[in-house]
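K.L.:
Just so it is clear, I am handing over query.tsv, which has TSV, C-alpha atoms and all ligand atoms.
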```
chain	number	residue	atom	x	y	z
A	1	MET	CA	-20.62	-0.53	-20.83
A	2	ARG	CA	-19.71	1.22	-17.60
A	3	LYS	CA	-21.91	3.99	-16.28
A	4	LYS	CA	-21.22	7.67	-16.88
A	5	ILE	CA	-21.90	9.42	-13.58
A	6	VAL	CA	-21.91	13.05	-12.46
A	7	ALA	CA	-22.52	13.42	-8.73
A	8	GLY	CA	-22.96	16.71	-6.87
A	9	ASN	CA	-21.71	16.74	-3.27
A	10	TRP	CA	-23.32	19.74	-1.61
A	11	LYS	CA	-21.31	19.22	1.60
A	12	MET	CA	-22.61	21.32	4.55
A	13	ASN	CA	-24.36	23.90	2.41
A	14	THR	CA	-27.98	25.06	1.90
A	15	THR	CA	-30.93	25.32	4.26
A	16	LEU	CA	-33.79	22.96	3.53
A	17	ALA	CA	-35.62	25.57	1.42
A	18	GLU	CA	-32.45	26.40	-0.52
A	19	GLY	CA	-31.70	22.72	-1.03
A	20	GLN	CA	-35.19	21.98	-2.32
A	21	ALA	CA	-34.96	24.92	-4.72
A	22	LEU	CA	-31.55	23.77	-5.97
A	23	ALA	CA	-32.70	20.17	-6.41
A	24	SER	CA	-35.84	21.24	-8.32
A	25	GLU	CA	-33.82	23.47	-10.61
A	26	VAL	CA	-31.27	20.74	-11.34
A	27	ILE	CA	-33.97	18.12	-11.92
A	28	HIS	CA	-35.86	20.34	-14.39
A	29	MET	CA	-32.71	21.27	-16.29
A	30	VAL	CA	-31.53	17.66	-16.45
A	31	GLU	CA	-34.93	16.61	-17.79
A	32	ASP	CA	-35.13	19.42	-20.33
A	33	GLU	CA	-31.56	19.60	-21.53
A	34	THR	CA	-29.92	16.19	-21.29
A	35	ASN	CA	-30.45	12.87	-23.04
A	36	GLY	CA	-30.70	10.73	-19.89
A	37	GLU	CA	-27.47	8.92	-20.68
A	38	VAL	CA	-25.58	10.24	-17.65
A	39	HIS	CA	-26.47	9.02	-14.16
A	40	VAL	CA	-26.94	12.20	-12.12
A	41	VAL	CA	-26.62	11.93	-8.33
A	42	LEU	CA	-27.74	14.69	-5.96
A	43	ILE	CA	-25.93	14.45	-2.62
A	44	PRO	CA	-27.46	16.93	-0.16
A	45	PRO	CA	-26.92	17.07	3.62
A	46	PHE	CA	-28.66	14.35	5.68
A	47	THR	CA	-31.50	16.67	6.74
A	48	HIS	CA	-32.55	17.18	3.10
A	49	LEU	CA	-32.44	13.57	1.95
A	50	TYR	CA	-36.10	12.67	2.28
A	51	PRO	CA	-37.43	15.94	0.80
A	52	VAL	CA	-35.03	15.60	-2.14
A	53	HIS	CA	-36.05	11.95	-2.52
A	54	LYS	CA	-39.64	13.18	-2.88
A	55	LEU	CA	-38.60	15.70	-5.53
A	56	ILE	CA	-36.75	13.06	-7.51
A	57	GLY	CA	-39.82	10.79	-7.34
A	58	SER	CA	-40.01	8.48	-10.33
A	59	LEU	CA	-37.14	10.23	-12.13
A	60	ARG	CA	-34.83	7.45	-11.01
A	61	GLU	CA	-36.07	5.81	-14.20
A	62	LYS	CA	-34.43	8.72	-16.02
A	63	HIS	CA	-31.22	8.18	-14.07
A	64	ILE	CA	-31.57	10.90	-11.44
A	65	TYR	CA	-30.51	9.47	-8.08
A	66	LEU	CA	-30.11	10.44	-4.43
A	67	GLY	CA	-26.83	10.18	-2.54
A	68	ALA	CA	-25.65	10.64	1.05
A	69	GLN	CA	-22.33	12.14	2.11
A	70	ASP	CA	-21.35	9.53	4.70
A	71	CYS	CA	-22.76	6.77	6.89
A	72	SER	CA	-21.99	5.17	10.22
A	73	ALA	CA	-19.79	2.10	10.50
A	74	HIS	CA	-22.25	0.78	13.10
A	75	GLU	CA	-25.48	-1.00	12.31
A	76	LYS	CA	-27.53	0.67	15.08
A	77	GLY	CA	-27.47	1.63	18.74
A	78	ALA	CA	-26.04	4.21	21.14
A	79	TYR	CA	-24.01	6.29	18.69
A	80	THR	CA	-25.32	9.82	19.17
A	81	GLY	CA	-25.29	11.92	16.04
A	82	GLU	CA	-24.56	9.06	13.64
A	83	VAL	CA	-26.72	8.03	10.69
A	84	SER	CA	-26.83	4.35	9.75
A	85	ALA	CA	-26.88	2.72	6.32
A	86	ALA	CA	-30.31	1.22	7.14
A	87	MET	CA	-31.66	4.73	7.81
A	88	LEU	CA	-30.24	6.02	4.54
A	89	GLN	CA	-31.71	3.13	2.62
A	90	SER	CA	-35.10	3.75	4.29
A	91	VAL	CA	-35.29	7.33	2.95
A	92	GLY	CA	-34.54	6.31	-0.62
A	93	VAL	CA	-30.78	6.80	-0.84
A	94	ASP	CA	-29.16	5.12	-3.85
A	95	TYR	CA	-25.49	6.11	-3.44
A	96	VAL	CA	-23.33	6.78	-0.36
A	97	ILE	CA	-19.96	8.52	-0.32
A	98	VAL	CA	-17.37	6.91	1.94
A	99	GLY	CA	-13.81	8.12	2.49
A	100	HIS	CA	-14.14	11.71	1.35
A	101	SER	CA	-10.89	13.53	2.12
A	102	GLU	CA	-12.71	15.93	4.45
A	103	ARG	CA	-13.87	12.96	6.55
A	104	ARG	CA	-10.39	11.42	6.44
A	105	GLU	CA	-8.74	14.70	7.44
A	106	TYR	CA	-11.14	16.39	9.90
A	107	HIS	CA	-12.56	13.24	11.47
A	108	ALA	CA	-9.44	11.06	11.34
A	109	GLU	CA	-11.19	8.31	9.39
A	110	GLY	CA	-8.72	5.56	8.55
A	111	HIS	CA	-8.63	2.47	6.35
A	112	ASP	CA	-10.30	0.05	8.79
A	113	LEU	CA	-13.19	2.35	9.66
A	114	LEU	CA	-13.77	3.09	5.98
A	115	ALA	CA	-13.78	-0.63	5.19
A	116	LYS	CA	-16.57	-1.09	7.77
A	117	LYS	CA	-18.56	1.84	6.39
A	118	ALA	CA	-18.19	0.50	2.85
A	119	LEU	CA	-19.48	-2.87	3.98
A	120	ARG	CA	-22.52	-1.30	5.64
A	121	VAL	CA	-23.45	0.56	2.44
A	122	LEU	CA	-23.15	-2.60	0.37
A	123	GLU	CA	-24.99	-4.78	2.90
A	124	HIS	CA	-27.94	-2.42	2.63
A	125	GLY	CA	-28.07	-2.69	-1.12
A	126	MET	CA	-26.87	0.81	-1.98
A	127	GLN	CA	-24.09	1.89	-4.32
A	128	LEU	CA	-20.80	2.97	-2.79
A	129	ILE	CA	-18.83	6.00	-3.99
A	130	PHE	CA	-15.43	5.40	-2.44
A	131	CYS	CA	-13.07	8.39	-2.48
A	132	CYS	CA	-9.31	8.19	-2.65
A	133	GLY	CA	-6.58	10.70	-3.46
A	134	GLU	CA	-3.28	12.05	-2.24
A	135	PRO	CA	-2.43	15.25	-0.35
A	136	LEU	CA	0.00	17.77	-1.88
A	137	ALA	CA	3.09	16.53	0.00
A	138	ILE	CA	2.59	13.02	-1.41
A	139	ARG	CA	2.07	14.37	-4.93
A	140	GLU	CA	5.30	16.36	-4.61
A	141	ALA	CA	7.18	13.36	-3.21
A	142	GLY	CA	6.09	11.40	-6.29
A	143	THR	CA	4.57	8.50	-4.32
A	144	TYR	CA	0.91	9.20	-5.17
A	145	LEU	CA	0.28	5.95	-7.06
A	146	GLU	CA	1.41	3.89	-4.07
A	147	TYR	CA	-0.63	6.11	-1.73
A	148	VAL	CA	-3.86	5.61	-3.66
A	149	GLU	CA	-3.11	1.89	-3.99
A	150	THR	CA	-2.87	1.57	-0.19
A	151	GLN	CA	-6.19	3.42	0.27
A	152	LEU	CA	-7.99	1.01	-2.06
A	153	ARG	CA	-6.22	-2.15	-0.95
A	154	GLU	CA	-6.74	-1.54	2.77
A	155	SER	CA	-10.43	-0.62	2.60
A	156	LEU	CA	-11.87	-2.44	-0.42
A	157	PHE	CA	-9.78	-5.35	-1.64
A	158	ALA	CA	-11.13	-7.81	0.93
A	159	LEU	CA	-14.58	-7.47	-0.68
A	160	ASP	CA	-15.77	-10.16	-3.07
A	161	ALA	CA	-16.14	-9.56	-6.81
A	162	GLU	CA	-19.94	-9.47	-6.56
A	163	SER	CA	-19.76	-6.40	-4.28
A	164	TRP	CA	-17.78	-4.52	-6.90
A	165	LYS	CA	-20.84	-4.37	-9.15
A	166	ARG	CA	-22.02	-1.62	-6.77
A	167	ILE	CA	-18.76	0.24	-6.23
A	168	VAL	CA	-17.80	3.52	-7.90
A	169	ILE	CA	-14.35	4.98	-7.24
A	170	ALA	CA	-13.79	8.74	-7.04
A	171	TYR	CA	-10.19	9.87	-7.46
A	172	GLU	CA	-9.93	13.23	-5.75
A	173	PRO	CA	-6.43	14.63	-5.31
A	174	VAL	CA	-6.69	16.53	-2.02
A	175	TRP	CA	-4.65	19.44	-3.41
A	176	ALA	CA	-7.34	20.00	-6.04
A	177	ILE	CA	-10.42	19.93	-3.79
A	178	GLY	CA	-11.97	23.34	-3.27
A	179	THR	CA	-8.68	25.02	-4.22
A	180	GLY	CA	-9.46	25.98	-7.81
A	181	LYS	CA	-6.38	23.92	-8.80
A	182	THR	CA	-7.59	21.13	-11.10
A	183	ALA	CA	-5.44	18.13	-11.97
A	184	THR	CA	-4.54	18.25	-15.64
A	185	PRO	CA	-6.36	15.67	-17.76
A	186	GLU	CA	-3.04	13.78	-18.07
A	187	GLN	CA	-2.41	13.79	-14.31
A	188	ALA	CA	-5.92	12.53	-13.62
A	189	GLN	CA	-5.81	9.92	-16.40
A	190	GLU	CA	-2.51	8.51	-15.08
A	191	VAL	CA	-4.07	7.77	-11.68
A	192	HIS	CA	-7.41	6.56	-13.10
A	193	ALA	CA	-5.60	4.09	-15.38
A	194	HIS	CA	-3.52	2.94	-12.40
A	195	ILE	CA	-6.67	2.40	-10.31
A	196	ARG	CA	-8.21	0.33	-13.11
A	197	ARG	CA	-5.02	-1.74	-13.38
A	198	LEU	CA	-5.09	-2.37	-9.62
A	199	ILE	CA	-8.70	-3.55	-9.78
A	200	ALA	CA	-7.81	-5.75	-12.78
A	201	GLY	CA	-4.88	-7.23	-10.86
A	202	ARG	CA	-7.11	-8.15	-7.93
A	203	TYR	CA	-10.40	-9.04	-9.67
A	204	GLY	CA	-9.63	-9.49	-13.38
A	205	ASP	CA	-9.90	-7.34	-16.51
A	206	ALA	CA	-13.62	-7.84	-17.14
A	207	LEU	CA	-14.64	-6.52	-13.74
A	208	ALA	CA	-12.13	-3.65	-13.87
A	209	HIS	CA	-13.57	-2.60	-17.20
A	210	GLU	CA	-17.04	-2.24	-15.65
A	211	VAL	CA	-16.10	-0.07	-12.65
A	212	SER	CA	-16.86	3.64	-13.07
A	213	ILE	CA	-14.02	5.88	-11.89
A	214	LEU	CA	-14.91	9.54	-11.30
A	215	TYR	CA	-12.60	12.53	-11.05
A	216	GLY	CA	-13.12	15.15	-8.34
A	217	GLY	CA	-11.28	18.35	-7.56
A	218	SER	CA	-12.29	21.82	-8.80
A	219	CYS	CA	-14.13	20.33	-11.76
A	220	LYS	CA	-16.22	23.00	-13.51
A	221	PRO	CA	-17.94	23.55	-16.86
A	222	GLU	CA	-14.73	25.07	-18.29
A	223	ASN	CA	-12.54	22.02	-17.65
A	224	ALA	CA	-15.04	19.13	-17.49
A	225	ALA	CA	-15.03	18.15	-21.18
A	226	GLU	CA	-11.26	17.71	-21.42
A	227	LEU	CA	-11.18	15.66	-18.22
A	228	PHE	CA	-14.08	13.47	-19.38
A	229	ALA	CA	-12.39	12.92	-22.75
A	230	GLN	CA	-9.74	10.78	-21.02
A	231	ALA	CA	-10.11	7.03	-21.52
A	232	ASP	CA	-10.46	6.09	-17.86
A	233	ILE	CA	-12.43	9.09	-16.53
A	234	ASP	CA	-16.09	8.07	-16.43
A	235	GLY	CA	-17.53	11.16	-14.81
A	236	GLY	CA	-17.11	13.54	-11.91
A	237	LEU	CA	-17.73	14.07	-8.23
A	238	ILE	CA	-18.45	17.76	-8.07
A	239	GLY	CA	-18.27	19.94	-4.95
A	240	GLY	CA	-18.43	23.73	-5.31
A	241	ALA	CA	-19.85	23.76	-8.85
A	242	SER	CA	-22.76	21.51	-7.80
A	243	LEU	CA	-24.23	24.36	-5.74
A	244	ASN	CA	-25.11	26.22	-8.92
A	245	ALA	CA	-27.69	24.41	-11.05
A	246	ARG	CA	-26.45	25.94	-14.33
A	247	SER	CA	-22.82	24.95	-13.68
A	248	PHE	CA	-23.71	21.47	-12.49
A	249	VAL	CA	-25.97	20.69	-15.44
A	250	ASP	CA	-23.36	22.04	-17.84
A	251	ILE	CA	-20.92	19.52	-16.34
A	252	VAL	CA	-23.54	16.78	-16.85
A	253	LYS	CA	-23.84	17.88	-20.49
A	254	ALA	CA	-20.06	17.77	-20.88
A	255	ARG	CA	-20.20	14.08	-19.86
A	256	GLN	CA	-22.91	13.02	-22.39
A	301	LIG	C1	-15.34	17.28	-3.47
A	301	LIG	O1	-15.30	17.74	-2.34
A	301	LIG	O2	-15.69	16.11	-3.65
A	301	LIG	C2	-14.93	18.16	-4.57
A	301	LIG	C3	-14.58	17.61	-5.69
A	301	LIG	O3	-14.97	19.51	-4.32
A	301	LIG	P1	-14.66	20.70	-5.37
A	301	LIG	O4	-15.35	20.35	-6.66
A	301	LIG	O5	-15.24	21.92	-4.72
A	301	LIG	O6	-13.17	20.75	-5.51
```
Would you mind writing the file out in structure tokens?
P.N.:
Amino acid sequence: MRKKIVAGNWKMNTTLAEGQALASEVIHMVEDETNGEVHVVLIPPFTHLYPVHKLIGSLREKHIYLGAQDCSAHEKGAYTGEVSAAMLQSVGVDYVIVGHSERREYHAEGHDLLAKKALRVLEHGMQLIFCCGEPLAIREAGTYLEYVETQLRESLFALDAESWKRIVIAYEPVWAIGTGKTATPEQAQEVHAHIRRLIAGRYGDALAHEVSILYGGSCKPENAAELFAQADIDGGLIGGASLNARSFVDIVKARQ
């Protein structure tokens, strides 16, 4: 059975005090209101990772995890401002996002760099959340399946099958991120099914069946249930709605 996952990417939001308050609220609500079936990942800014790790404490056993928004492609050394996979692992990070569209767009991160980052995450024993998804012009040109295929092939398909036990894919159409424009359940399902077919073609059906594929892009309590009802949508990567504990936990409940 593949994992159901709802991950909240806080991006560059919240001071430390605000982040601790948000994490505590989410943790209490998840404990009180959910059945523990969904893996919940809190993904605060780097500066909040260790304090949020402390708040999560032993609740990992109840499937509440800590995630980071990015990591360096380098192991260590003179790379001012970067944060390595070893550092993330040392503060209790379980999941690391690589390839978010905001990193691809604003920091010109390409396939090769993302392949190196993915490898670092996996080498340090963490789970990888690898983002893919097409911009609006590609959606309108009708070549989005090929676009997503290239993103996955170029950054991940050189990895061995064993590594894929710790890979989660997040399909996030760029035109839906932070825009309020959600992909319809059918649009999302089409790409999710395609991604699973690609993984099956490269690694076989059994492995493809085990990989969790999340949807991201203006997911909120009002649309989460119909997205999650699709056969190949295993959960969500949530941006804006993860900054409100009530909204985020309602999305978790929609995934149960
Ligand atoms: C994201 O950035 O991963 C995301 C899905 O953002 P939002 O939910 O705000 O569209």
K.L.:
Check the smallest atom-to-atom distance from each of A:Glu105, A:Asp250, A:Asp70, A:Glu134 to Ala183 of chain A using all atoms listed in the file, then report the winner.
P.N.:
A:Glu134
K.L.:
Report, as AutoDock Vina command-line options, the centre and edge lengths in Å (one decimal) of the axis-aligned box enclosing every listed atom of ligand LIG 301 (chain A), padded by 4 Å on each side.
P.N.:
```
--center_x -14.4 --center_y 19.0 --center_z -4.5 --size_x 10.5 --size_y 13.8 --size_z 12.3
```
K.L.:
Throw together the list of residues within 8 Å of ligand LIG 301 (chain A), counting all atoms listed in the file, and drop it here as a list in words.
P.N.:
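After applying the 8 Å limit, what remains is Gly8, Asn9, Lys11, His100, Ser101, Glu102, Glu172, Ala176, Ile177, Gly178, Thr179, Gly180, Thr182, Tyr215, Gly216, Gly217, Ser218, Cys219, Lys220, Gly236, Leu237, Ile238, Gly239, Gly240, Ala241 and Ser242 of chain A.
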K.L.:
Tell me which protein, DNA and RNA residues are within 8 Å of Gln189 of chain A, counting all atoms listed in the file, leaving out same-chain ones fewer than 2 positions away, and put them as a PyMOL selection string.
P.N.:
chain A and resi 185-187+191-193+230-233
K.L.:
Name the closest residue to Gly204 of chain A among the candidates A:Ala161, A:Ala141, A:Val148, A:Leu119; distances are taken between atoms, counting all atoms listed in the file.
P.N.:
A:Ala161
K.L.:
Of the candidates A:Cys131, A:Trp175, A:Gln89, A:Glu226, which shows the shortest atom-to-atom distance to Ile213 of chain A, using only C-alpha atoms?
P.N.:
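That would be A:Cys131, the residue with the smallest distance to Ile213 of chain A.
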K.L.:
Have a look at atom CA of Gly92 of chain A and atom CA of Pro44 of chain A and let me know their distance in Å, one decimal.
P.N.:
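So the two atoms, atom CA of Gly92 of chain A and atom CA of Pro44 of chain A, lie 12.8 Å apart.
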K.L.:
Wanna dump the segment 72-185 of chain A-segment 194-199 of chain A contacts at 9 Å for me, each residue with its shortest atom pair and the distance in Å to one decimal, counting only C-alpha atoms, ordered by chain and number, as CSV?
P.N.:
```
residue,atom,partner,partner_atom,distance
A:Leu145,CA,A:His194,CA,7.2
A:Val148,CA,A:Ile195,CA,7.9
A:Glu149,CA,A:Ile195,CA,7.3
A:Leu152,CA,A:Ile195,CA,8.5
A:Arg153,CA,A:Leu198,CA,8.7
A:Phe157,CA,A:Ile199,CA,8.4
A:Ile169,CA,A:Ile195,CA,8.7
A:Tyr171,CA,A:Ile195,CA,8.7
```
K.L.:
Which one is closest to Phe228 of chain A: A:Ser247, A:Thr184, A:Ser24, A:Thr34? Count all atoms listed in the file.
P.N.:
A:Thr184
K.L.:
Between A:Asn13, A:Lys3, A:Ile167, A:Glu18, which one has atoms that come closest to Pro51 of chain A, using only C-alpha atoms?
P.N.:
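When distances to Pro51 of chain A are compared using only C-alpha atoms, the smallest one comes from A:Glu18.
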K.L.:
Rank nothing, just name the residue among A:Arg166, A:His107, A:Lys181, A:His63 nearest to Phe130 of chain A, using all atoms listed in the file.
P.N.:
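Closest to Phe130 of chain A of all the choices is A:Arg166.
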K.L.:
Atom CA of Leu55 of chain A to atom CA of Gln20 of chain A: how many Å, to one decimal?
P.N.:
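Rounded to one decimal, the two atoms are 7.8 Å apart.
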K.L.:
In Å, how far is it from atom CA of Ala21 of chain A to atom CA of Ile97 of chain A?
P.N.:
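Computing it gives 22.7 Å between the two atoms.
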K.L.:
Excluding same-chain residues fewer than 5 positions from His53 of chain A, what lies within 12 Å of it counting only C-alpha atoms, as a tab-separated table (two decimals) with C-alpha atoms, in the frame of the given file?
P.N.:
```
chain	number	residue	atom	x	y	z
A	19	GLY	CA	-31.70	22.72	-1.03
A	20	GLN	CA	-35.19	21.98	-2.32
A	23	ALA	CA	-32.70	20.17	-6.41
A	24	SER	CA	-35.84	21.24	-8.32
A	27	ILE	CA	-33.97	18.12	-11.92
A	41	VAL	CA	-26.62	11.93	-8.33
A	42	LEU	CA	-27.74	14.69	-5.96
A	43	ILE	CA	-25.93	14.45	-2.62
A	44	PRO	CA	-27.46	16.93	-0.16
A	46	PHE	CA	-28.66	14.35	5.68
A	47	THR	CA	-31.50	16.67	6.74
A	48	HIS	CA	-32.55	17.18	3.10
A	58	SER	CA	-40.01	8.48	-10.33
A	59	LEU	CA	-37.14	10.23	-12.13
A	60	ARG	CA	-34.83	7.45	-11.01
A	64	ILE	CA	-31.57	10.90	-11.44
A	65	TYR	CA	-30.51	9.47	-8.08
A	66	LEU	CA	-30.11	10.44	-4.43
A	67	GLY	CA	-26.83	10.18	-2.54
A	68	ALA	CA	-25.65	10.64	1.05
A	88	LEU	CA	-30.24	6.02	4.54
A	89	GLN	CA	-31.71	3.13	2.62
A	90	SER	CA	-35.10	3.75	4.29
A	91	VAL	CA	-35.29	7.33	2.95
A	92	GLY	CA	-34.54	6.31	-0.62
A	93	VAL	CA	-30.78	6.80	-0.84
A	94	ASP	CA	-29.16	5.12	-3.85
```
K.L.:
Residues at most 12 Å from Ser84 of chain A, counting all atoms listed in the file, excluding those fewer than 6 positions away in the same chain, as a ChimeraX atom specification?
P.N.:
/A:46,68-78,90-91,93,96,116-121,123-124
K.L.:
Take the residues from that selection and put them in a file with C-alpha atoms, as a tab-separated table (two decimals), keeping the file's coordinate frame.
P.N.:
```
chain	number	residue	atom	x	y	z
A	46	PHE	CA	-28.66	14.35	5.68
A	68	ALA	CA	-25.65	10.64	1.05
A	69	GLN	CA	-22.33	12.14	2.11
A	70	ASP	CA	-21.35	9.53	4.70
A	71	CYS	CA	-22.76	6.77	6.89
A	72	SER	CA	-21.99	5.17	10.22
A	73	ALA	CA	-19.79	2.10	10.50
A	74	HIS	CA	-22.25	0.78	13.10
A	75	GLU	CA	-25.48	-1.00	12.31
A	76	LYS	CA	-27.53	0.67	15.08
A	77	GLY	CA	-27.47	1.63	18.74
A	78	ALA	CA	-26.04	4.21	21.14
A	90	SER	CA	-35.10	3.75	4.29
A	91	VAL	CA	-35.29	7.33	2.95
A	93	VAL	CA	-30.78	6.80	-0.84
A	96	VAL	CA	-23.33	6.78	-0.36
A	116	LYS	CA	-16.57	-1.09	7.77
A	117	LYS	CA	-18.56	1.84	6.39
A	118	ALA	CA	-18.19	0.50	2.85
A	119	LEU	CA	-19.48	-2.87	3.98
A	120	ARG	CA	-22.52	-1.30	5.64
A	121	VAL	CA	-23.45	0.56	2.44
A	123	GLU	CA	-24.99	-4.78	2.90
A	124	HIS	CA	-27.94	-2.42	2.63
```
K.L.:
Using the incomplete input, complete segment 161-169 of chain A to the level of all heavy atoms; output as a PDB file, keeping the file's coordinate frame.
P.N.:
```pdb
ATOM      1  N   ALA A 161     -15.934 -10.157  -5.477  1.00  0.00           N
ATOM      2  CA  ALA A 161     -16.140  -9.560  -6.810  1.00  0.00           C
ATOM      3  C   ALA A 161     -17.581  -9.082  -6.986  1.00  0.00           C
ATOM      4  O   ALA A 161     -17.821  -8.033  -7.597  1.00  0.00           O
ATOM      5  CB  ALA A 161     -15.771 -10.571  -7.884  1.00  0.00           C
ATOM      6  N   GLU A 162     -18.529  -9.828  -6.428  1.00  0.00           N
ATOM      7  CA  GLU A 162     -19.940  -9.470  -6.560  1.00  0.00           C
ATOM      8  C   GLU A 162     -20.196  -8.052  -6.020  1.00  0.00           C
ATOM      9  O   GLU A 162     -20.935  -7.254  -6.616  1.00  0.00           O
ATOM     10  CB  GLU A 162     -20.778 -10.519  -5.800  1.00  0.00           C
ATOM     11  CG  GLU A 162     -22.275 -10.461  -6.033  1.00  0.00           C
ATOM     12  CD  GLU A 162     -22.694 -10.609  -7.485  1.00  0.00           C
ATOM     13  OE1 GLU A 162     -21.968 -11.251  -8.276  1.00  0.00           O
ATOM     14  OE2 GLU A 162     -23.749 -10.052  -7.842  1.00  0.00           O
ATOM     15  N   SER A 163     -19.577  -7.724  -4.896  1.00  0.00           N
ATOM     16  CA  SER A 163     -19.760  -6.400  -4.280  1.00  0.00           C
ATOM     17  C   SER A 163     -19.326  -5.283  -5.214  1.00  0.00           C
ATOM     18  O   SER A 163     -19.875  -4.176  -5.181  1.00  0.00           O
ATOM     19  CB  SER A 163     -18.933  -6.286  -2.998  1.00  0.00           C
ATOM     20  OG  SER A 163     -19.288  -7.280  -2.095  1.00  0.00           O
ATOM     21  N   TRP A 164     -18.325  -5.566  -6.032  1.00  0.00           N
ATOM     22  CA  TRP A 164     -17.780  -4.520  -6.900  1.00  0.00           C
ATOM     23  C   TRP A 164     -18.753  -4.073  -7.989  1.00  0.00           C
ATOM     24  O   TRP A 164     -18.543  -3.046  -8.628  1.00  0.00           O
ATOM     25  CB  TRP A 164     -16.441  -4.970  -7.494  1.00  0.00           C
ATOM     26  CG  TRP A 164     -15.336  -4.673  -6.526  1.00  0.00           C
ATOM     27  CD1 TRP A 164     -14.985  -5.413  -5.434  1.00  0.00           C
ATOM     28  CD2 TRP A 164     -14.487  -3.526  -6.525  1.00  0.00           C
ATOM     29  NE1 TRP A 164     -13.971  -4.795  -4.756  1.00  0.00           N
ATOM     30  CE2 TRP A 164     -13.642  -3.647  -5.403  1.00  0.00           C
ATOM     31  CE3 TRP A 164     -14.343  -2.413  -7.358  1.00  0.00           C
ATOM     32  CZ2 TRP A 164     -12.677  -2.673  -5.098  1.00  0.00           C
ATOM     33  CZ3 TRP A 164     -13.385  -1.458  -7.062  1.00  0.00           C
ATOM     34  CH2 TRP A 164     -12.556  -1.599  -5.944  1.00  0.00           C
ATOM     35  N   LYS A 165     -19.837  -4.826  -8.172  1.00  0.00           N
ATOM     36  CA  LYS A 165     -20.840  -4.370  -9.150  1.00  0.00           C
ATOM     37  C   LYS A 165     -21.507  -3.095  -8.651  1.00  0.00           C
ATOM     38  O   LYS A 165     -22.137  -2.372  -9.410  1.00  0.00           O
ATOM     39  CB  LYS A 165     -21.905  -5.456  -9.343  1.00  0.00           C
ATOM     40  CG  LYS A 165     -21.355  -6.663 -10.052  1.00  0.00           C
ATOM     41  CD  LYS A 165     -22.449  -7.643 -10.401  1.00  0.00           C
ATOM     42  CE  LYS A 165     -21.841  -8.829 -11.130  1.00  0.00           C
ATOM     43  NZ  LYS A 165     -22.621 -10.048 -10.944  1.00  0.00           N
ATOM     44  N   ARG A 166     -21.391  -2.819  -7.332  1.00  0.00           N
ATOM     45  CA  ARG A 166     -22.020  -1.620  -6.770  1.00  0.00           C
ATOM     46  C   ARG A 166     -20.997  -0.645  -6.191  1.00  0.00           C
ATOM     47  O   ARG A 166     -21.318   0.142  -5.316  1.00  0.00           O
ATOM     48  CB  ARG A 166     -23.073  -2.037  -5.730  1.00  0.00           C
ATOM     49  CG  ARG A 166     -24.335  -2.582  -6.409  1.00  0.00           C
ATOM     50  CD  ARG A 166     -25.445  -2.911  -5.450  1.00  0.00           C
ATOM     51  NE  ARG A 166     -25.146  -4.102  -4.692  1.00  0.00           N
ATOM     52  CZ  ARG A 166     -24.922  -4.130  -3.379  1.00  0.00           C
ATOM     53  NH1 ARG A 166     -24.967  -3.030  -2.678  1.00  0.00           N
ATOM     54  NH2 ARG A 166     -24.664  -5.261  -2.766  1.00  0.00           N
ATOM     55  N   ILE A 167     -19.783  -0.699  -6.718  1.00  0.00           N
ATOM     56  CA  ILE A 167     -18.760   0.240  -6.230  1.00  0.00           C
ATOM     57  C   ILE A 167     -18.340   1.191  -7.357  1.00  0.00           C
ATOM     58  O   ILE A 167     -18.075   0.767  -8.484  1.00  0.00           O
ATOM     59  CB  ILE A 167     -17.515  -0.521  -5.708  1.00  0.00           C
ATOM     60  CG1 ILE A 167     -17.890  -1.375  -4.489  1.00  0.00           C
ATOM     61  CG2 ILE A 167     -16.407   0.473  -5.333  1.00  0.00           C
ATOM     62  CD1 ILE A 167     -16.748  -2.195  -3.915  1.00  0.00           C
ATOM     63  N   VAL A 168     -18.315   2.470  -7.005  1.00  0.00           N
ATOM     64  CA  VAL A 168     -17.800   3.520  -7.900  1.00  0.00           C
ATOM     65  C   VAL A 168     -16.605   4.112  -7.159  1.00  0.00           C
ATOM     66  O   VAL A 168     -16.670   4.347  -5.955  1.00  0.00           O
ATOM     67  CB  VAL A 168     -18.876   4.612  -8.105  1.00  0.00           C
ATOM     68  CG1 VAL A 168     -18.328   5.796  -8.888  1.00  0.00           C
ATOM     69  CG2 VAL A 168     -20.116   4.031  -8.778  1.00  0.00           C
ATOM     70  N   ILE A 169     -15.523   4.349  -7.870  1.00  0.00           N
ATOM     71  CA  ILE A 169     -14.350   4.980  -7.240  1.00  0.00           C
ATOM     72  C   ILE A 169     -14.316   6.446  -7.658  1.00  0.00           C
ATOM     73  O   ILE A 169     -14.576   6.785  -8.817  1.00  0.00           O
ATOM     74  CB  ILE A 169     -13.038   4.279  -7.703  1.00  0.00           C
ATOM     75  CG1 ILE A 169     -13.054   2.778  -7.355  1.00  0.00           C
ATOM     76  CG2 ILE A 169     -11.815   4.970  -7.096  1.00  0.00           C
ATOM     77  CD1 ILE A 169     -13.087   2.449  -5.872  1.00  0.00           C
TER      78      ILE A 169
END
```
